[in-house]
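Colleague: Got coords.cif for you, mmCIF, C-alpha atoms:
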data_start
#
loop_
_atom_site.group_PDB
_atom_site.id
_atom_site.type_symbol
_atom_site.label_atom_id
_atom_site.label_comp_id
_atom_site.auth_asym_id
_atom_site.auth_seq_id
_atom_site.Cartn_x
_atom_site.Cartn_y
_atom_site.Cartn_z
ATOM 1 C CA MET U 635 -11.209 3.122 1.117
ATOM 2 C CA LYS U 636 -8.817 1.999 -1.597
ATOM 3 C CA SER U 637 -5.985 -0.492 -1.478
ATOM 4 C CA MET U 638 -2.634 0.453 -2.986
ATOM 5 C CA THR U 639 -2.425 -2.948 -4.669
ATOM 6 C CA GLY U 640 -4.097 -3.159 -8.042
ATOM 7 C CA TYR U 641 -3.866 -4.349 -11.634
ATOM 8 C CA GLY U 642 -5.584 -3.323 -14.840
ATOM 9 C CA ARG U 643 -5.132 -4.345 -18.466
ATOM 10 C CA ALA U 644 -6.605 -3.264 -21.780
ATOM 11 C CA THR U 645 -5.970 -4.014 -25.441
ATOM 12 C CA ALA U 646 -6.782 -2.184 -28.654
ATOM 13 C CA ALA U 647 -6.083 -2.419 -32.362
ATOM 14 C CA LEU U 648 -3.609 0.127 -33.677
ATOM 15 C CA GLY U 649 -3.229 -0.146 -37.428
ATOM 16 C CA LYS U 650 -2.274 -3.761 -38.096
ATOM 17 C CA SER U 651 -0.877 -4.261 -34.597
ATOM 18 C CA ASN U 652 -2.141 -5.021 -31.131
ATOM 19 C CA LEU U 653 -1.735 -2.398 -28.423
ATOM 20 C CA THR U 654 -1.522 -3.631 -24.816
ATOM 21 C CA VAL U 655 -1.660 -1.379 -21.754
ATOM 22 C CA GLN U 656 -0.963 -2.754 -18.282
ATOM 23 C CA VAL U 657 -1.134 -0.851 -14.983
ATOM 24 C CA ASN U 658 -0.058 -2.390 -11.686
ATOM 25 C CA SER U 659 0.830 -1.059 -8.246
ATOM 26 C CA VAL U 660 2.182 -2.119 -4.877
ATOM 27 C CA ASN U 661 2.658 -0.367 -1.539
ATOM 28 C CA ARG U 662 4.630 2.856 -1.292
ATOM 29 C CA LYS U 663 4.296 5.813 1.111
ATOM 30 C CA THR U 664 4.185 8.282 -1.778
ATOM 31 C CA LEU U 665 3.243 8.043 -5.430
ATOM 32 C CA ASP U 666 6.157 6.473 -7.298
ATOM 33 C CA LEU U 667 5.142 6.361 -10.954
ATOM 34 C CA SER U 668 7.101 4.770 -13.791
ATOM 35 C CA VAL U 669 6.107 4.506 -17.451
ATOM 36 C CA SER U 670 7.474 2.094 -20.058
ATOM 37 C CA LEU U 671 6.507 2.674 -23.677
ATOM 38 C CA PRO U 672 8.060 2.682 -27.175
ATOM 39 C CA ALA U 673 10.485 5.538 -27.785
ATOM 40 C CA GLU U 674 8.400 7.092 -30.568
ATOM 41 C CA TRP U 675 5.577 7.652 -28.074
ATOM 42 C CA ASN U 676 7.640 9.391 -25.413
ATOM 43 C CA ASP U 677 5.760 12.616 -26.115
ATOM 44 C CA PHE U 678 2.657 10.969 -24.652
ATOM 45 C CA GLU U 679 4.273 10.270 -21.275
ATOM 46 C CA ALA U 680 3.097 13.518 -19.658
ATOM 47 C CA ASP U 681 -0.535 12.727 -20.586
ATOM 48 C CA ILE U 682 -0.129 9.182 -19.269
ATOM 49 C CA ARG U 683 1.254 10.425 -15.959
ATOM 50 C CA ASP U 684 -1.576 12.937 -15.581
ATOM 51 C CA ALA U 685 -4.150 10.198 -16.149
ATOM 52 C CA VAL U 686 -2.572 7.956 -13.503
ATOM 53 C CA ARG U 687 -2.259 10.781 -10.960
ATOM 54 C CA ALA U 688 -5.968 11.444 -11.328
ATOM 55 C CA MET U 689 -6.591 7.837 -10.294
ATOM 56 C CA ALA U 690 -3.912 7.134 -7.646
ATOM 57 C CA ALA U 691 -2.355 9.250 -4.886
ATOM 58 C CA ARG U 692 -0.021 6.674 -3.301
ATOM 59 C CA GLY U 693 1.742 3.474 -4.277
ATOM 60 C CA LYS U 694 4.466 2.322 -6.643
ATOM 61 C CA VAL U 695 2.595 2.375 -9.951
ATOM 62 C CA HIS U 696 4.015 1.025 -13.200
ATOM 63 C CA VAL U 697 2.436 1.578 -16.594
ATOM 64 C CA LYS U 698 3.628 -0.612 -19.455
ATOM 65 C CA ILE U 699 2.523 0.019 -23.034
ATOM 66 C CA GLU U 700 3.454 -2.383 -25.821
ATOM 67 C CA CYS U 701 2.561 -2.661 -29.483
ATOM 68 C CA SER U 702 3.295 -5.908 -31.277
ATOM 69 C CA GLY U 703 1.914 -8.550 -33.621
ATOM 70 C CA ASP U 704 -0.642 -8.069 -36.340
ATOM 71 C CA ALA U 705 -4.249 -7.474 -35.454
ATOM 72 C CA GLY U 706 -5.435 -8.780 -38.799
ATOM 73 C CA SER U 707 -3.328 -11.847 -39.405
ATOM 74 C CA ALA U 708 -0.691 -14.092 -37.911
ATOM 75 C CA GLY U 709 1.950 -12.993 -40.437
ATOM 76 C CA VAL U 710 4.885 -10.698 -39.835
ATOM 77 C CA GLU U 711 5.766 -7.978 -42.330
ATOM 78 C CA TRP U 712 9.039 -6.189 -42.959
ATOM 79 C CA ASP U 713 10.037 -3.402 -45.269
ATOM 80 C CA GLU U 714 11.868 -5.731 -47.652
ATOM 81 C CA ALA U 715 13.303 -2.954 -49.775
ATOM 82 C CA THR U 716 14.836 -1.302 -46.729
ATOM 83 C CA VAL U 717 16.192 -4.642 -45.486
ATOM 84 C CA ALA U 718 17.785 -5.348 -48.877
ATOM 85 C CA ALA U 719 19.290 -1.848 -48.992
ATOM 86 C CA THR U 720 20.742 -2.295 -45.499
ATOM 87 C CA LEU U 721 22.296 -5.628 -46.439
ATOM 88 C CA GLY U 722 23.728 -4.024 -49.574
ATOM 89 C CA ARG U 723 25.410 -1.285 -47.565
ATOM 90 C CA LEU U 724 26.799 -3.879 -45.182
ATOM 91 C CA ARG U 725 28.199 -5.850 -48.124
ATOM 92 C CA THR U 726 29.809 -2.709 -49.550
ATOM 93 C CA LEU U 727 31.351 -1.941 -46.169
ATOM 94 C CA ALA U 728 32.679 -5.492 -45.864
ATOM 95 C CA ASP U 729 34.193 -5.385 -49.376
ATOM 96 C CA SER U 730 35.890 -2.065 -48.660
ATOM 97 C CA GLN U 731 37.516 -3.593 -45.613
ATOM 98 C CA GLY U 732 38.466 -6.809 -47.320
ATOM 99 C CA VAL U 733 36.114 -8.827 -45.163
ATOM 100 C CA GLU U 734 34.046 -11.706 -46.526
ATOM 101 C CA PHE U 735 30.352 -10.880 -46.204
ATOM 102 C CA ALA U 736 28.347 -14.032 -45.374
ATOM 103 C CA PRO U 737 25.446 -13.018 -43.096
ATOM 104 C CA THR U 738 24.144 -15.749 -40.818
ATOM 105 C CA ALA U 739 20.478 -16.410 -40.155
ATOM 106 C CA GLU U 740 20.840 -14.541 -36.855
ATOM 107 C CA VAL U 741 22.261 -11.439 -38.554
ATOM 108 C CA LEU U 742 19.547 -11.599 -41.217
ATOM 109 C CA TRP U 743 16.885 -11.811 -38.492
ATOM 110 C CA GLN U 744 18.346 -8.843 -36.610
ATOM 111 C CA VAL U 745 18.446 -6.680 -39.722
ATOM 112 C CA ALA U 746 14.964 -7.702 -40.839
ATOM 113 C CA ASN U 747 13.464 -7.293 -37.369
ATOM 114 C CA SER U 748 14.918 -3.806 -37.067
ATOM 115 C CA HIS U 749 12.793 -2.863 -40.092
ATOM 116 C CA ARG U 750 9.677 -4.722 -39.007
ATOM 117 C CA GLN U 751 6.434 -2.981 -39.939
ATOM 118 C CA THR U 752 4.167 -2.588 -36.899
ATOM 119 C CA GLY U 753 1.567 -0.204 -35.565
ATOM 120 C CA GLN U 754 4.383 1.662 -33.897
ATOM 121 C CA SER U 755 5.092 3.183 -37.305
ATOM 122 C CA ALA U 756 1.668 4.777 -37.299
ATOM 123 C CA ASP U 757 1.313 8.537 -37.161
ATOM 124 C CA PRO U 758 1.927 9.434 -33.480
ATOM 125 C CA SER U 759 -0.956 11.915 -33.476
ATOM 126 C CA ALA U 760 -3.302 9.180 -34.682
ATOM 127 C CA ALA U 761 -1.920 6.727 -32.130
ATOM 128 C CA ARG U 762 -2.354 9.127 -29.192
ATOM 129 C CA GLU U 763 -6.137 8.788 -28.958
ATOM 130 C CA VAL U 764 -6.001 4.993 -29.168
ATOM 131 C CA ILE U 765 -3.313 4.812 -26.496
ATOM 132 C CA LEU U 766 -5.093 7.136 -24.051
ATOM 133 C CA ASP U 767 -8.432 5.362 -24.559
ATOM 134 C CA ALA U 768 -6.809 1.998 -23.821
ATOM 135 C CA LEU U 769 -5.056 3.529 -20.801
ATOM 136 C CA GLU U 770 -8.367 4.824 -19.490
ATOM 137 C CA GLU U 771 -9.874 1.348 -19.779
ATOM 138 C CA ALA U 772 -6.900 -0.223 -17.974
ATOM 139 C CA LEU U 773 -7.108 2.420 -15.238
ATOM 140 C CA ARG U 774 -10.803 1.698 -14.697
ATOM 141 C CA ALA U 775 -9.999 -1.976 -14.113
ATOM 142 C CA PHE U 776 -7.059 -0.948 -11.946
ATOM 143 C CA ALA U 777 -9.263 1.336 -9.815
ATOM 144 C CA ALA U 778 -11.985 -1.307 -9.511
ATOM 145 C CA MET U 779 -9.501 -3.837 -8.135
ATOM 146 C CA ARG U 780 -8.116 -1.308 -5.646
ATOM 147 C CA ALA U 781 -11.636 -0.448 -4.507
ATOM 148 C CA LYS U 782 -12.605 -4.105 -4.092
ATOM 149 C CA GLU U 783 -9.528 -4.849 -2.001
ATOM 150 C CA GLY U 784 -10.216 -1.659 -0.043
ATOM 151 C CA GLU U 785 -13.686 -2.970 0.882
ATOM 152 C CA ALA U 786 -12.135 -6.155 2.243
ATOM 153 C CA LEU U 787 -9.646 -4.125 4.276
ATOM 154 C CA LEU U 788 -12.439 -1.952 5.663
ATOM 155 C CA ILE U 789 -14.347 -5.000 6.905
ATOM 156 C CA ASP U 790 -11.183 -6.256 8.591
ATOM 157 C CA PHE U 791 -10.509 -2.870 10.210
ATOM 158 C CA ILE U 792 -14.050 -2.571 11.557
ATOM 159 C CA GLY U 793 -13.764 -6.009 13.154
ATOM 160 C CA ARG U 794 -10.442 -5.194 14.792
ATOM 161 C CA LEU U 795 -11.696 -1.793 15.913
ATOM 162 C CA ASP U 796 -14.575 -3.549 17.656
ATOM 163 C CA ILE U 797 -12.115 -5.846 19.456
ATOM 164 C CA LEU U 798 -10.013 -2.860 20.564
ATOM 165 C CA THR U 799 -13.088 -1.018 21.824
ATOM 166 C CA ARG U 800 -14.224 -4.019 23.858
ATOM 167 C CA LEU U 801 -10.757 -4.325 25.389
ATOM 168 C CA VAL U 802 -10.840 -0.638 26.358
ATOM 169 C CA ASP U 803 -14.253 -1.186 27.973
ATOM 170 C CA SER U 804 -12.881 -4.162 29.867
ATOM 171 C CA ILE U 805 -9.863 -2.198 31.121
ATOM 172 C CA SER U 806 -12.141 0.687 32.148
ATOM 173 C CA THR U 807 -14.199 -1.731 34.231
ATOM 174 C CA ARG U 808 -11.142 -3.319 35.817
ATOM 175 C CA ALA U 809 -9.079 -0.154 36.492
ATOM 176 C CA PRO U 810 -11.101 1.163 39.513
ATOM 177 C CA ASP U 811 -10.487 -2.134 41.346
ATOM 178 C CA VAL U 812 -6.703 -1.993 41.050
ATOM 179 C CA ALA U 813 -6.050 0.381 43.988
ATOM 180 C CA PRO U 814 -8.479 -1.375 46.410
ATOM 181 C CA THR U 815 -6.960 -4.736 45.471
ATOM 182 C CA TYR U 816 -3.504 -3.346 46.204
ATOM 183 C CA ARG U 817 -4.708 -1.946 49.524
ATOM 184 C CA ASP U 818 -6.082 -5.326 50.626
ATOM 185 C CA ALA U 819 -2.879 -7.091 49.502
ATOM 186 C CA LEU U 820 -0.758 -4.514 51.354
ATOM 187 C CA MET U 821 -2.674 -4.943 54.612
ATOM 188 C CA LYS U 822 -2.445 -8.712 54.256
ATOM 189 C CA ARG U 823 1.339 -8.563 53.783
ATOM 190 C CA LEU U 824 1.730 -6.239 56.767
ATOM 191 C CA ALA U 825 -0.322 -8.572 58.933
ATOM 192 C CA GLU U 826 1.661 -11.609 57.801
ATOM 193 C CA SER U 827 4.862 -9.724 58.650
ATOM 194 C CA GLY U 828 3.625 -9.028 62.167
ATOM 195 C CA LEU U 829 3.176 -5.296 61.542
ATOM 196 C CA GLU U 830 -0.251 -4.517 62.880
ATOM 197 C CA LEU U 831 -0.848 -1.147 61.262
ATOM 198 C CA ASP U 832 -4.281 0.397 61.119
ATOM 199 C CA LEU U 833 -5.714 1.158 57.700
ATOM 200 C CA ASN U 834 -5.957 4.788 58.754
ATOM 201 C CA ASP U 835 -2.286 4.972 59.620
ATOM 202 C CA GLU U 836 -0.772 7.945 57.790
ATOM 203 C CA ARG U 837 2.033 5.836 56.310
ATOM 204 C CA VAL U 838 -0.437 3.309 54.933
ATOM 205 C CA LEU U 839 -2.664 6.017 53.529
ATOM 206 C CA LYS U 840 0.280 7.722 51.798
ATOM 207 C CA GLU U 841 1.436 4.448 50.255
ATOM 208 C CA ILE U 842 -2.054 3.625 48.996
ATOM 209 C CA ALA U 843 -2.563 7.171 47.680
ATOM 210 C CA PHE U 844 0.796 7.091 45.887
ATOM 211 C CA PHE U 845 -0.019 3.741 44.282
ATOM 212 C CA ALA U 846 -3.513 4.869 43.261
ATOM 213 C CA ASP U 847 -2.116 7.978 41.604
ATOM 214 C CA ARG U 848 0.652 6.065 39.844
ATOM 215 C CA CYS U 849 -1.694 3.408 38.404
ATOM 216 C CA ASP U 850 -4.509 5.795 37.417
ATOM 217 C CA VAL U 851 -5.119 5.365 33.666
ATOM 218 C CA THR U 852 -8.282 7.453 33.394
ATOM 219 C CA GLU U 853 -6.733 10.079 31.129
ATOM 220 C CA GLU U 854 -5.098 7.481 28.915
ATOM 221 C CA LEU U 855 -8.393 5.633 28.494
ATOM 222 C CA THR U 856 -10.187 8.867 27.593
ATOM 223 C CA ARG U 857 -7.616 9.735 24.940
ATOM 224 C CA LEU U 858 -7.600 6.155 23.699
ATOM 225 C CA ARG U 859 -11.377 6.186 23.164
ATOM 226 C CA SER U 860 -11.045 9.460 21.283
ATOM 227 C CA HIS U 861 -8.329 8.048 18.996
ATOM 228 C CA LEU U 862 -10.369 4.914 18.307
ATOM 229 C CA ASP U 863 -13.403 7.048 17.428
ATOM 230 C CA GLN U 864 -11.262 9.144 15.071
ATOM 231 C CA PHE U 865 -9.890 6.022 13.428
ATOM 232 C CA GLY U 866 -13.375 4.582 12.980
ATOM 233 C CA THR U 867 -14.620 7.805 11.375
ATOM 234 C CA LEU U 868 -11.585 8.061 9.135
ATOM 235 C CA ILE U 869 -11.736 4.546 7.687
ATOM 236 C CA ARG U 870 -15.399 5.063 6.789
ATOM 237 C CA SER U 871 -14.697 8.332 4.958
ATOM 238 C CA ASP U 872 -13.980 8.814 1.265
ATOM 239 C CA ALA U 873 -10.745 10.689 1.938
ATOM 240 C CA GLU U 874 -7.220 9.430 1.368
ATOM 241 C CA ILE U 875 -6.688 7.894 4.772
ATOM 242 C CA GLY U 876 -3.322 6.117 4.716
ATOM 243 C CA ARG U 877 -1.021 8.739 6.240
ATOM 244 C CA LYS U 878 -3.529 10.113 8.728
ATOM 245 C CA ALA U 879 -4.458 6.602 9.834
ATOM 246 C CA GLU U 880 -0.798 5.795 10.441
ATOM 247 C CA PHE U 881 -0.516 8.857 12.703
ATOM 248 C CA ILE U 882 -3.650 7.932 14.678
ATOM 249 C CA LEU U 883 -2.392 4.367 15.119
ATOM 250 C CA GLN U 884 0.865 5.755 16.445
ATOM 251 C CA GLU U 885 -1.074 7.746 19.071
ATOM 252 C CA ILE U 886 -3.190 4.710 19.963
ATOM 253 C CA GLY U 887 -0.031 2.670 20.450
ATOM 254 C CA ARG U 888 1.423 5.349 22.718
ATOM 255 C CA GLU U 889 -1.633 5.314 25.000
ATOM 256 C CA VAL U 890 -1.734 1.508 25.093
ATOM 257 C CA ASN U 891 1.936 1.372 26.103
ATOM 258 C CA THR U 892 1.366 3.920 28.866
ATOM 259 C CA ILE U 893 -1.593 1.957 30.222
ATOM 260 C CA GLY U 894 0.500 -1.185 30.222
ATOM 261 C CA SER U 895 3.312 0.478 32.169
ATOM 262 C CA LYS U 896 1.039 2.200 34.705
ATOM 263 C CA ALA U 897 -1.712 -0.310 35.412
ATOM 264 C CA ASN U 898 0.338 -2.687 37.588
ATOM 265 C CA ASP U 899 -2.343 -5.343 37.247
ATOM 266 C CA LEU U 900 -2.069 -8.801 35.675
ATOM 267 C CA THR U 901 -5.550 -8.750 34.128
ATOM 268 C CA ILE U 902 -4.997 -5.370 32.509
ATOM 269 C CA ALA U 903 -1.516 -6.422 31.373
ATOM 270 C CA ARG U 904 -3.039 -9.361 29.500
ATOM 271 C CA GLN U 905 -5.605 -7.098 27.870
ATOM 272 C CA VAL U 906 -2.869 -4.660 26.862
ATOM 273 C CA ILE U 907 -1.006 -7.508 25.158
ATOM 274 C CA GLU U 908 -4.172 -8.387 23.219
ATOM 275 C CA MET U 909 -4.528 -4.746 22.187
ATOM 276 C CA LYS U 910 -0.929 -4.621 20.973
ATOM 277 C CA ASN U 911 -1.474 -7.761 18.910
ATOM 278 C CA GLU U 912 -4.536 -6.237 17.266
ATOM 279 C CA LEU U 913 -2.708 -2.963 16.633
ATOM 280 C CA ASP U 914 0.151 -4.794 14.944
ATOM 281 C CA ARG U 915 -2.327 -6.464 12.589
ATOM 282 C CA VAL U 916 -3.993 -3.128 11.825
ATOM 283 C CA ARG U 917 -0.630 -1.462 11.145
ATOM 284 C CA GLU U 918 0.302 -4.231 8.727
ATOM 285 C CA GLN U 919 -2.925 -3.758 6.810
ATOM 286 C CA ILE U 920 -2.971 0.041 6.890
ATOM 287 C CA ALA U 921 0.286 -0.044 4.942
ATOM 288 C CA ASN U 922 -1.849 -1.326 2.023
ATOM 289 C CA VAL U 923 -4.280 1.588 2.137
ATOM 290 C CA GLU U 924 -4.068 4.687 -0.051
#
Let's see the structure in the file written out as structure tokens.
Modeller:
Amino acid sequence: MKSMTGYGRATAALGKSNLTVQVNSVNRKTLDLSVSLPAEWNDFEADIRDAVRAMAARGKVHVKIECSGDAGSAGVEWDEATVAATLGRLRTLADSQGVEFAPTAEVLWQVANSHRQTGQSADPSAAREVILDALEEALRAFAAMRAKEGEALLIDFIGRLDILTRLVDSISTRAPDVAPTYRDALMKRLAESGLELDLNDERVLKEIAFFADRCDVTEELTRLRSHLDQFGTLIRSDAEIGRKAEFILQEIGREVNTIGSKANDLTIARQVIEMKNELDRVREQIANVE
């Protein structure tokens, strides 16, 4: 079992610059993948997407690739000749328009920074291997975090599944007593009302039979046990379980609601409420599962 929440990061040296790759994800019903990287590396995006798809099937996944700084020193380098040439062209343009050319520090910084020498200027074909290797490292960390959170979710699910199973067992034990309890209460009310009807009176028998049929939850309990068994098997499998688990939980909820509406018994009603509370907690957590 894997969580859809994860984070991975890796760094590498690329020429004189530092390459940073970050991968993070949050919940999403499908795979929603976005990639942010320098424009000169856009040709690598297809390879990046393929690598992520091999690792994640669901979730909103964002990959961010940056290249900045100098891996060898704290200095910053610019192509000074290009900067000077750019300023010269700007001066010529200003003179031709009769405008005084007096560049501020901010303008000088913008021009110089636009010609900053970084690893991004490296040959793209040479950069590709470095980028994909760093991405692979970040994805390994990303997958490890998703797996670790998935283990915690599995433990939680197993505990809640055990609670649900015990509640089903309790309802199964209580259900056969509902009709006899109703029969005794009915005869007591008839006696208190002064209607001395025999238990074998056809009208009494029909009323008891109708009630017993209406409150019978045997089929619902059988289906509910089957759904719980399926859920338990699924969460222990290595498959992508998110969507299928959501469907099974929907079926479990349907059976629980039917039992609650049919049982007509206070004890069972309380147990149904407990089951609904547990199901709500499971649904909240299953939304985190791939």
Colleague: Skipping near chain neighbours, those fewer than 3 positions away, what residues fall within 9 Å of Lys663 (chain U) using all atoms listed in the file, listed as a ChimeraX atom specification?
Modeller: /U:666,692-694,876-877,921,924
Colleague: Take the PyMOL selection byres ((chain U and resi 656-659) around 12), apply it to the structure above, and return the hits as a compact mmCIF listing (two decimals) with C-alpha atoms, in the frame of the given file.
Modeller:
# COMPACT_ATOMS: atom_id res chain seq x y z
CA SER U 637 -5.98 -0.49 -1.48
CA MET U 638 -2.63 0.45 -2.99
CA THR U 639 -2.42 -2.95 -4.67
CA GLY U 640 -4.10 -3.16 -8.04
CA TYR U 641 -3.87 -4.35 -11.63
CA GLY U 642 -5.58 -3.32 -14.84
CA ARG U 643 -5.13 -4.34 -18.47
CA ALA U 644 -6.60 -3.26 -21.78
CA THR U 645 -5.97 -4.01 -25.44
CA ALA U 646 -6.78 -2.18 -28.65
CA LEU U 653 -1.74 -2.40 -28.42
CA THR U 654 -1.52 -3.63 -24.82
CA VAL U 655 -1.66 -1.38 -21.75
CA VAL U 660 2.18 -2.12 -4.88
CA ASN U 661 2.66 -0.37 -1.54
CA ARG U 662 4.63 2.86 -1.29
CA THR U 664 4.18 8.28 -1.78
CA LEU U 665 3.24 8.04 -5.43
CA ASP U 666 6.16 6.47 -7.30
CA LEU U 667 5.14 6.36 -10.95
CA SER U 668 7.10 4.77 -13.79
CA VAL U 669 6.11 4.51 -17.45
CA SER U 670 7.47 2.09 -20.06
CA LEU U 671 6.51 2.67 -23.68
CA ILE U 682 -0.13 9.18 -19.27
CA ARG U 683 1.25 10.42 -15.96
CA ALA U 685 -4.15 10.20 -16.15
CA VAL U 686 -2.57 7.96 -13.50
CA MET U 689 -6.59 7.84 -10.29
CA ALA U 690 -3.91 7.13 -7.65
CA ALA U 691 -2.36 9.25 -4.89
CA ARG U 692 -0.02 6.67 -3.30
CA GLY U 693 1.74 3.47 -4.28
CA LYS U 694 4.47 2.32 -6.64
CA VAL U 695 2.60 2.38 -9.95
CA HIS U 696 4.01 1.02 -13.20
CA VAL U 697 2.44 1.58 -16.59
CA LYS U 698 3.63 -0.61 -19.45
CA ILE U 699 2.52 0.02 -23.03
CA GLU U 700 3.45 -2.38 -25.82
CA CYS U 701 2.56 -2.66 -29.48
CA ILE U 765 -3.31 4.81 -26.50
CA ALA U 768 -6.81 2.00 -23.82
CA LEU U 769 -5.06 3.53 -20.80
CA GLU U 770 -8.37 4.82 -19.49
CA GLU U 771 -9.87 1.35 -19.78
CA ALA U 772 -6.90 -0.22 -17.97
CA LEU U 773 -7.11 2.42 -15.24
CA ARG U 774 -10.80 1.70 -14.70
CA ALA U 775 -10.00 -1.98 -14.11
CA PHE U 776 -7.06 -0.95 -11.95
CA ALA U 777 -9.26 1.34 -9.82
CA MET U 779 -9.50 -3.84 -8.14
CA ARG U 780 -8.12 -1.31 -5.65
CA ASN U 922 -1.85 -1.33 2.02
CA VAL U 923 -4.28 1.59 2.14
CA GLU U 924 -4.07 4.69 -0.05
Colleague: Grab the CA of Asp803 (chain U) to CA of Leu858 (chain U) distance for me, in Å with one decimal place.
Modeller: 10.8 Å
Colleague: Hey, which of U:Val802, U:Ala873, U:Val916, U:Val851 ends up closest to Ile893 (chain U)? Count only C-alpha atoms.
Modeller: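 Of the candidates, the smallest distance to Ile893 (chain U) is held by U:Val851.
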Colleague: When you look at region 781-786 of chain U with a cut-off of 6 Å (counting only C-alpha atoms), what residues show up, excluding the ones that are within fewer than 2 positions of it in the same chain? I need them as a PyMOL selection string.
Modeller: chain U and resi 635-637+778-779+788-789
Colleague: For CA of Gln884 (chain U) and CA of Leu798 (chain U), determine how far apart the two atoms are, in Å to one decimal place.
Modeller: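 Straight-line distance from CA of Gln884 (chain U) to CA of Leu798 (chain U) works out to 14.5 Å.
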Colleague: Would you compute the distance between CA of Ile902 (chain U) and CA of Lys878 (chain U)? Give it in Å to one decimal.
Modeller: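 These atoms are spaced 28.4 Å apart.
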Colleague: For Asp684 (chain U), which residue out of U:Leu855, U:Leu787, U:Ile805, U:Leu766 is the nearest one, using all atoms listed in the file?
Modeller: U:Leu766
Colleague: When the PyMOL selection byres ((chain U and resi 796) around 12) is applied to the structure above, which residues does it catch, written out as a list in words?
Modeller: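 Going through the file, the PyMOL selection byres ((chain U and resi 796) around 12) ends up selecting Ile789, Asp790, Phe791, Ile792, Gly793, Arg794, Leu795, Ile797, Leu798, Thr799, Arg800, Leu801, Val802, Asp803, Arg859, Leu862, Asp863, Phe865, Gly866, Met909, Glu912 and Leu913 of chain U.
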Colleague: For the residues in the current selection, export C-alpha atoms as a PDB file, in the frame of the given file.
Modeller:
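See part.pdb below for the written result:
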ATOM      1  CA  ILE U 789     -14.347  -5.000   6.905  1.00  0.00           C
ATOM      2  CA  ASP U 790     -11.183  -6.256   8.591  1.00  0.00           C
ATOM      3  CA  PHE U 791     -10.509  -2.870  10.210  1.00  0.00           C
ATOM      4  CA  ILE U 792     -14.050  -2.571  11.557  1.00  0.00           C
ATOM      5  CA  GLY U 793     -13.764  -6.009  13.154  1.00  0.00           C
ATOM      6  CA  ARG U 794     -10.442  -5.194  14.792  1.00  0.00           C
ATOM      7  CA  LEU U 795     -11.696  -1.793  15.913  1.00  0.00           C
ATOM      8  CA  ILE U 797     -12.115  -5.846  19.456  1.00  0.00           C
ATOM      9  CA  LEU U 798     -10.013  -2.860  20.564  1.00  0.00           C
ATOM     10  CA  THR U 799     -13.088  -1.018  21.824  1.00  0.00           C
ATOM     11  CA  ARG U 800     -14.224  -4.019  23.858  1.00  0.00           C
ATOM     12  CA  LEU U 801     -10.757  -4.325  25.389  1.00  0.00           C
ATOM     13  CA  VAL U 802     -10.840  -0.638  26.358  1.00  0.00           C
ATOM     14  CA  ASP U 803     -14.253  -1.186  27.973  1.00  0.00           C
ATOM     15  CA  ARG U 859     -11.377   6.186  23.164  1.00  0.00           C
ATOM     16  CA  LEU U 862     -10.369   4.914  18.307  1.00  0.00           C
ATOM     17  CA  ASP U 863     -13.403   7.048  17.428  1.00  0.00           C
ATOM     18  CA  PHE U 865      -9.890   6.022  13.428  1.00  0.00           C
ATOM     19  CA  GLY U 866     -13.375   4.582  12.980  1.00  0.00           C
ATOM     20  CA  MET U 909      -4.528  -4.746  22.187  1.00  0.00           C
ATOM     21  CA  GLU U 912      -4.536  -6.237  17.266  1.00  0.00           C
ATOM     22  CA  LEU U 913      -2.708  -2.963  16.633  1.00  0.00           C
TER      23      LEU U 913
END
